[in-house]
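Notes to accompany the following structure.
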Amino acid sequence: DTGVSQDPRHKITKRGQNVTFRCDPISEHNRLYWYRQTLGQGPEFLTYFQNEAQLEKSRLLSDRFSAERPKGSFSTLEIQRTEQGDSAMYLCASSLVAQETQYFGPGTRLLVL
Amino acid sequence: KNQVEQSPQSLIILEGKNCTLQCNYTVSPFSNLRWYKQDTGRGPVSLTIMTFSENTKSNGRYTATLDADTKQSSLHITASQLSDSASYICVVSARGGSYIPTFGRGTSLIVHP
């Protein structure tokens with residue numbers, strides 16, 4: 001499968017725990033994006049990478065959130081001290097260049113109890 | 001502030017009928033507009049992309065229109081099928097800057113047999 005993959009697909013955690021999600025983009029894509037989507041809403045931008053450089057972060061990305069793309073390939077999104085409000089679908093997307101179509105992964109659905 | 005508004009919020013139609021979804025945007029300067037289809041629990045999948053000079057673009061039973069003067073787009077679905085049941089998201093990108101797209105909230109379409 002040459003599409004965008006995300007792992008895990010589902011995560012249930014207790015409030016206060018840390019969680020980490022992984023995204024593997026399409027191999028030749030330079031740009032990688034993270035979004036958060038809650039029920040009935042469109043995806044909300046969190047952050048994006050151009051190769052290994054994190055170029056922009058939304059104000060939605062509090063200091064409990066951190067994202068990395070160490071070798072310009074896969075990326076991780078970590079949420080520390082999770083809160084119930086963090087419950088959402090976390091989507092990863094990649095594109096070849098800035099203005100090209102973004103290809104989305106299947107998402108990681110997080111439930112914080 | 002860049003915004004994308006979609007209507008209706010939800011729509012129920014009978015199988016075989018046609019429908020039209022609307023998207024109004026205030027993103028400026030305009031670069032392109034995409035329609036995505038998102039099945040429940042899955043990531044969005046691109047249906048069409050339209051640039052400033054394009055008025056109409058088709059992808060099978062999906063036809064998107066763009067009026068850059070009034071900043072409106074529509075997605076027309078012909079001869080709907082049960083598999084068309086999904087959320088349809090309008091996404092608009094601006095020229096220049098970081099090219100972070102603005103997402104609408106989506107229209108939830110349910111096709112009944």
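In the structure tokens, chains take letters A, B, ... by order of appearance, with residues numbered from 1 within each chain and ligands from 1 in the order shown.
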
Would you give me, as a tab-separated table, each residue of segment 1-45 of chain B having an atom within 7 Å of an atom of segment 88-96 of chain B, along with its shortest atom pair and that distance in Å to one decimal, using only C-alpha atoms and sorting by chain and residue number?
```
residue	atom	partner	partner_atom	distance
B:Cys23	CA	B:Cys90	CA	6.4
B:Val27	CA	B:Ala94	CA	6.2
B:Ser28	CA	B:Ala94	CA	5.7
B:Pro29	CA	B:Ala94	CA	5.3
B:Phe30	CA	B:Ala94	CA	4.7
B:Ser31	CA	B:Ala94	CA	4.8
B:Asn32	CA	B:Ser93	CA	5.4
B:Leu33	CA	B:Val92	CA	4.4
B:Arg34	CA	B:Val91	CA	5.1
B:Trp35	CA	B:Cys90	CA	4.7
B:Tyr36	CA	B:Ile89	CA	5.0
B:Lys37	CA	B:Tyr88	CA	4.6
B:Gln38	CA	B:Tyr88	CA	6.2
```

If you keep C-alpha atoms, can you produce a file of those selected residues as a CSV table (one decimal), in the first residue's frame?
```
chain,number,residue,atom,x,y,z
B,23,CYS,CA,-19.6,26.2,-0.6
B,27,VAL,CA,-10.1,33.1,1.3
B,28,SER,CA,-7.9,35.6,-0.4
B,29,PRO,CA,-5.9,35.7,-2.6
B,30,PHE,CA,-7.5,32.6,-4.1
B,31,SER,CA,-5.3,29.8,-5.3
B,32,ASN,CA,-7.5,26.7,-5.6
B,33,LEU,CA,-10.5,24.9,-4.3
B,34,ARG,CA,-10.9,21.2,-3.6
B,35,TRP,CA,-13.8,19.0,-2.8
B,36,TYR,CA,-13.1,16.0,-0.6
B,37,LYS,CA,-15.3,13.0,0.3
B,38,GLN,CA,-14.9,11.6,3.8
```

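Residues lying within 6 Å of Thr65 of chain B, counting only C-alpha atoms and ignoring same-chain neighbours fewer than 5 positions away, are Asn55, Thr56, Ser73 and Ser74 of chain B.
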
Those same residues, written as a compact mmCIF listing (two decimals), in the first residue's frame with N, CA, C and O atoms?
```txt
# COMPACT_ATOMS: atom_id res chain seq x y z
N ASN B 55 -14.08 26.78 -14.50
CA ASN B 55 -15.46 26.97 -14.09
C ASN B 55 -16.15 25.66 -13.70
O ASN B 55 -17.03 25.65 -12.85
N THR B 56 -15.78 24.60 -14.39
CA THR B 56 -16.42 23.32 -14.17
C THR B 56 -15.39 22.20 -14.28
O THR B 56 -14.50 22.25 -15.14
N SER B 73 -18.75 27.91 -4.84
CA SER B 73 -18.54 26.65 -5.55
C SER B 73 -19.70 25.73 -5.22
O SER B 73 -20.34 25.85 -4.16
N SER B 74 -19.97 24.81 -6.13
CA SER B 74 -20.99 23.81 -5.86
C SER B 74 -20.46 22.44 -6.29
O SER B 74 -19.59 22.34 -7.16
```

What are the closest atom pairs, with distances in Å to one decimal, for all residues of chain A lying within 12 Å of chain B? Consider only C-alpha atoms, order rows by chain and residue number, and present the result as CSV.
```
residue,atom,partner,partner_atom,distance
A:Gly3,CA,B:Val45,CA,11.2
A:Val4,CA,B:Gly43,CA,9.7
A:Ser5,CA,B:Gly43,CA,10.3
A:Gln6,CA,B:Gly43,CA,10.3
A:Arg9,CA,B:Gly41,CA,9.7
A:His10,CA,B:Gly41,CA,10.4
A:Arg31,CA,B:Tyr99,CA,11.0
A:Leu32,CA,B:Ile100,CA,11.3
A:Tyr33,CA,B:Ile100,CA,9.2
A:Trp34,CA,B:Ile100,CA,11.1
A:Tyr35,CA,B:Gly43,CA,10.6
A:Arg36,CA,B:Gly43,CA,11.2
A:Gln37,CA,B:Arg105,CA,9.7
A:Thr38,CA,B:Arg105,CA,10.1
A:Leu39,CA,B:Arg105,CA,9.9
A:Gly40,CA,B:Arg105,CA,7.0
A:Gln41,CA,B:Arg105,CA,4.6
A:Gly42,CA,B:Arg105,CA,4.1
A:Pro43,CA,B:Phe103,CA,6.5
A:Glu44,CA,B:Phe103,CA,7.3
A:Phe45,CA,B:Ile100,CA,7.8
A:Leu46,CA,B:Ile100,CA,10.2
A:Thr47,CA,B:Ile100,CA,9.3
A:Tyr48,CA,B:Ile100,CA,8.6
A:Phe49,CA,B:Ser98,CA,10.6
A:Gln50,CA,B:Ser98,CA,10.2
A:Gln54,CA,B:Ser98,CA,11.6
A:Leu55,CA,B:Ser98,CA,8.3
A:Glu56,CA,B:Ser98,CA,7.9
A:Lys57,CA,B:Ile100,CA,10.6
A:Ser58,CA,B:Ile100,CA,10.4
A:Ala88,CA,B:Gly41,CA,11.1
A:Met89,CA,B:Gly41,CA,8.4
A:Tyr90,CA,B:Gly43,CA,9.5
A:Leu91,CA,B:Gly43,CA,6.8
A:Cys92,CA,B:Gly43,CA,8.5
A:Ala93,CA,B:Gly43,CA,8.8
A:Ser94,CA,B:Gly43,CA,12.0
A:Ser95,CA,B:Tyr99,CA,11.5
A:Val97,CA,B:Tyr99,CA,9.9
A:Ala98,CA,B:Tyr99,CA,6.2
A:Gln99,CA,B:Tyr99,CA,6.6
A:Glu100,CA,B:Ile49,CA,9.5
A:Thr101,CA,B:Ser46,CA,7.4
A:Gln102,CA,B:Ser46,CA,7.8
A:Tyr103,CA,B:Val45,CA,6.9
A:Phe104,CA,B:Gly43,CA,5.4
A:Gly105,CA,B:Gly43,CA,5.5
A:Pro106,CA,B:Gly43,CA,4.5
A:Gly107,CA,B:Gly43,CA,5.9
A:Thr108,CA,B:Gly41,CA,9.2
A:Arg109,CA,B:Gly41,CA,8.3
A:Leu110,CA,B:Gly41,CA,11.9
```

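Each of A:Arg22, A:Ser87, A:Leu60, A:Leu96 was checked against Phe74 of chain A using only C-alpha atoms; the smallest atom-to-atom distance is that of A:Arg22.
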